[in-house]
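Trainee: Could you have a look at this structure, given as C-alpha cells, before my questions?
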Amino acid sequence: MPFRGYSSIIGYQYAHSAFSLSYHCGHCNRDVSGLITAKYDTGEGEVRYLVCTNCGDGSVVTKEGVLYPPSLIGQNLEGLPQDIEMAYLEARRCFSVKAYTACELICRKILMHVAVEKKAKEGESFENYIKHLEALGYVTPPMKPWVDLIRTHGNISTHKLETADPQRAESTLMFTTELLRIIYEMEHKADKYTKKTTTH
Ligand SMILES: [Zn+2]
C-alpha cells in the first residue's frame with residue numbers, strides 16, 4: 001500500500017492517556033508508558049510513532065507490530081569507563097537488531113579497550129591483551145577459556161565469510177558482560193561498601 005498523503009496521518013498535539021502505549025524503550029532500556037504522537041493506517045495495519053516518557057527519544061511500531069529500536073538485549077552494568085560503556089552499548093545494540101557479526105567484532109574490540117585501560121600498549125595482538133590481563137590477575141585461570149572465546153569468536157567474524165550464528169553471538173556477548181562485571185562492576189560496587197564501612 002503506497003503512502004496516502006500527509007492528510008491521512010493522525011497527529012496528537014496534546015498528551016492524553018488514550019494515546020499512550022506500554023512498551024520497553026530501546027533507548028533507555030526501561031518499561032515505559034510512552035506517548036503515541038501520531039499514527040498512520042497503511043490499510044494493512046497501523047504505524048504508531050512513540051515518544052518515551054522517560055528519556056524522550058522516539059520509537060516506531062511498524063504495521064506488523066514490530067517495535068524499533070527493539071528492546072536492548074543484555075544486562076546493564078555499573079562502573080564502566082565511558083569508552084567501554086559506549087562499546088558495550090554498541091555490542092548490545094548490534095545484537096538487538098540481529099547484527100550478530102558486528103556484535104562479535106565489538107565484543108572482541110572490548111578486550112582491547114579493557115587491556116589498554118589497564119595499561120597495555122595499543123596495537124598489540126588480542127592474544128597479548130588477554131596475556132596482559134592474566135598477568136595483572138584480572139583474568140584468572142578458570143576464566144581464561146571463556147575469555148578466549150570472546151577473542152576466537154571475534155576472529156571468526158573478522159576473518160571468515162560465514163555469518164555469526166545468533167547462539168554464538170549471544171554467548172560472546174554474555175562472556176563479555178561477565179568479564180566487564182568482574183573487572184569493573186564488582187570493584188565499583190565494593191567501593192560503595194568500603195566507603196560506607198570506613199565512615200563508621
Ligand atoms: Zn526511553
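By order in the C-alpha cells, chains are A, B, ...; within a chain, residues start at 1; ligands start at 1, following the order shown.
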Taking only C-alpha atoms and all ligand atoms and a cut-off of 12 Å, can you tell me which residues surround ligand 1, written as a list in words?

Mentor: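 The residues within 12 Å of ligand 1, counting only C-alpha atoms and all ligand atoms, are Ser22, Tyr23, His24, Cys25, Gly26, His27, Cys28, Asn29, Arg30, Asp31, Val32, Ser33, Gly34, Leu35, Leu50, Val51, Cys52, Thr53, Asn54, Cys55, Gly56, Asp57, Gly58, Ser59, Tyr68, Pro69, Pro70, Ser71 and Leu72 of chain A.
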
Trainee: Set the distance at 7 Å and use only C-alpha atoms: which residues neighbour stretch 110-115 of chain A once local chain neighbours fewer than 2 positions away are removed? I'd like the list as a list in words.

Mentor: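 Here the answer would be Ile84, Ala87, Ile106, Cys107, Arg108, Glu117, Lys118, Lys119, Ala120, Phe126, Tyr129, His132 and Leu133 of chain A.
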
Trainee: Neighbours of A:Thr172 within 7 Å (only C-alpha atoms; same-chain residues fewer than 2 positions away dropped), as a PDB file with N, CA and C atoms, in the first residue's frame?

Mentor:
```pdb
ATOM      1  N   GLU A 104      29.908  -9.472  17.518  1.00  0.00           N
ATOM      2  CA  GLU A 104      31.113 -10.208  17.915  1.00  0.00           C
ATOM      3  C   GLU A 104      32.379  -9.389  17.670  1.00  0.00           C
ATOM      4  N   CYS A 107      32.603  -7.023  20.590  1.00  0.00           N
ATOM      5  CA  CYS A 107      32.982  -7.730  21.826  1.00  0.00           C
ATOM      6  C   CYS A 107      34.485  -7.977  21.850  1.00  0.00           C
ATOM      7  N   ILE A 150      35.762 -15.044  23.556  1.00  0.00           N
ATOM      8  CA  ILE A 150      35.407 -13.710  23.035  1.00  0.00           C
ATOM      9  C   ILE A 150      36.356 -13.385  21.880  1.00  0.00           C
ATOM     10  N   HIS A 153      35.775 -16.062  18.819  1.00  0.00           N
ATOM     11  CA  HIS A 153      34.522 -15.785  18.093  1.00  0.00           C
ATOM     12  C   HIS A 153      34.668 -14.505  17.268  1.00  0.00           C
ATOM     13  N   ARG A 168      25.907 -18.269  19.040  1.00  0.00           N
ATOM     14  CA  ARG A 168      27.324 -17.983  19.304  1.00  0.00           C
ATOM     15  C   ARG A 168      27.501 -16.511  19.693  1.00  0.00           C
ATOM     16  N   ALA A 169      26.827 -15.624  18.952  1.00  0.00           N
ATOM     17  CA  ALA A 169      26.930 -14.189  19.262  1.00  0.00           C
ATOM     18  C   ALA A 169      26.378 -13.901  20.654  1.00  0.00           C
ATOM     19  N   GLU A 170      25.307 -14.601  21.019  1.00  0.00           N
ATOM     20  CA  GLU A 170      24.724 -14.398  22.353  1.00  0.00           C
ATOM     21  C   GLU A 170      25.721 -14.814  23.433  1.00  0.00           C
ATOM     22  N   MET A 174      27.436 -12.547  26.250  1.00  0.00           N
ATOM     23  CA  MET A 174      27.283 -12.937  27.650  1.00  0.00           C
ATOM     24  C   MET A 174      28.661 -13.030  28.346  1.00  0.00           C
ATOM     25  N   PHE A 175      29.658 -13.616  27.650  1.00  0.00           N
ATOM     26  CA  PHE A 175      31.008 -13.700  28.232  1.00  0.00           C
ATOM     27  C   PHE A 175      31.591 -12.293  28.426  1.00  0.00           C
ATOM     28  N   THR A 176      31.300 -11.422  27.460  1.00  0.00           N
ATOM     29  CA  THR A 176      31.796 -10.037  27.560  1.00  0.00           C
ATOM     30  C   THR A 176      31.171  -9.346  28.769  1.00  0.00           C
TER      31      THR A 176
END
```

Trainee: Pick the closest to A:Glu178 from A:Lys98, A:Ser8, A:Cys103, A:Val139: which is it, counting only C-alpha atoms?

Mentor: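 Looking at the shortest contact to A:Glu178, the residue is A:Val139.
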
Trainee: Write out as a list of chain:residue names each polymer residue whose atoms come within 7 Å of A:Leu80, counting only C-alpha atoms; drop sequence neighbours fewer than 3 positions from it.

Mentor: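 Those residues are A:Ile84, A:Glu85, A:Tyr184, A:Glu185.
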
Trainee: If you run DSSP on the backbone here, which positions in chain A get strand (DSSP E or B)? Please write them as a ChimeraX atom specification.

Mentor: /A:9-11,20-24,31-41,46-51,58-61,67-68

Trainee: Emit the selected residues as a CSV table (one decimal), in the first residue's frame, including C-alpha atoms.

Mentor:
```csv
chain,number,residue,atom,x,y,z
A,9,ILE,CA,-1.6,11.0,9.3
A,10,ILE,CA,-3.4,11.4,12.6
A,11,GLY,CA,-1.2,13.5,14.9
A,20,SER,CA,-0.2,6.0,25.4
A,21,LEU,CA,1.3,2.6,24.9
A,22,SER,CA,3.2,0.4,27.3
A,23,TYR,CA,6.5,-0.8,25.8
A,24,HIS,CA,10.1,-1.4,26.6
A,31,ASP,CA,9.5,-0.2,30.7
A,32,VAL,CA,7.5,2.9,30.0
A,33,SER,CA,4.1,4.2,29.2
A,34,GLY,CA,5.1,6.1,26.0
A,35,LEU,CA,3.1,8.7,24.2
A,36,ILE,CA,1.7,7.9,20.7
A,37,THR,CA,2.4,11.2,19.0
A,38,ALA,CA,1.0,10.2,15.6
A,39,LYS,CA,-0.4,7.2,13.8
A,40,TYR,CA,-0.9,6.2,10.2
A,41,ASP,CA,-3.2,3.5,8.9
A,46,GLU,CA,-1.4,0.9,11.8
A,47,VAL,CA,2.1,2.5,12.2
A,48,ARG,CA,2.5,4.3,15.6
A,49,TYR,CA,5.1,6.9,16.4
A,50,LEU,CA,6.1,7.0,20.0
A,51,VAL,CA,7.9,9.3,22.4
A,58,GLY,CA,11.4,8.3,19.6
A,59,SER,CA,10.4,4.8,18.6
A,60,VAL,CA,8.1,3.4,16.0
A,61,VAL,CA,5.7,0.4,15.9
A,67,LEU,CA,9.0,-2.1,17.8
A,68,TYR,CA,12.1,-0.2,16.6
```

Trainee: Identify which of the residues A:Tyr6, A:Phe19, A:Trp146, A:Tyr138 lies closest to A:Ile182, counting only C-alpha atoms when measuring atom-to-atom distances.

Mentor: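 Distance minimum relative to A:Ile182 lands on A:Tyr138.
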
Trainee: Can you list, as an MDAnalysis selection string, every residue of stretch 10-186 of chain A that DSSP puts in alpha helix (DSSP H)?

Mentor: chainID A and resid 82:96 100:117 126:135 144:159 166:180 186

Trainee: Calculate how many Å separate atom CA of A:Asn128 from atom CA of A:Lys109, rounding to one decimal.

Mentor: 13.1 Å

Trainee: For atom CA of A:Ser96 and atom CA of A:Ile73, quote the distance in Å rounded to one decimal.

Mentor: 5.4 Å
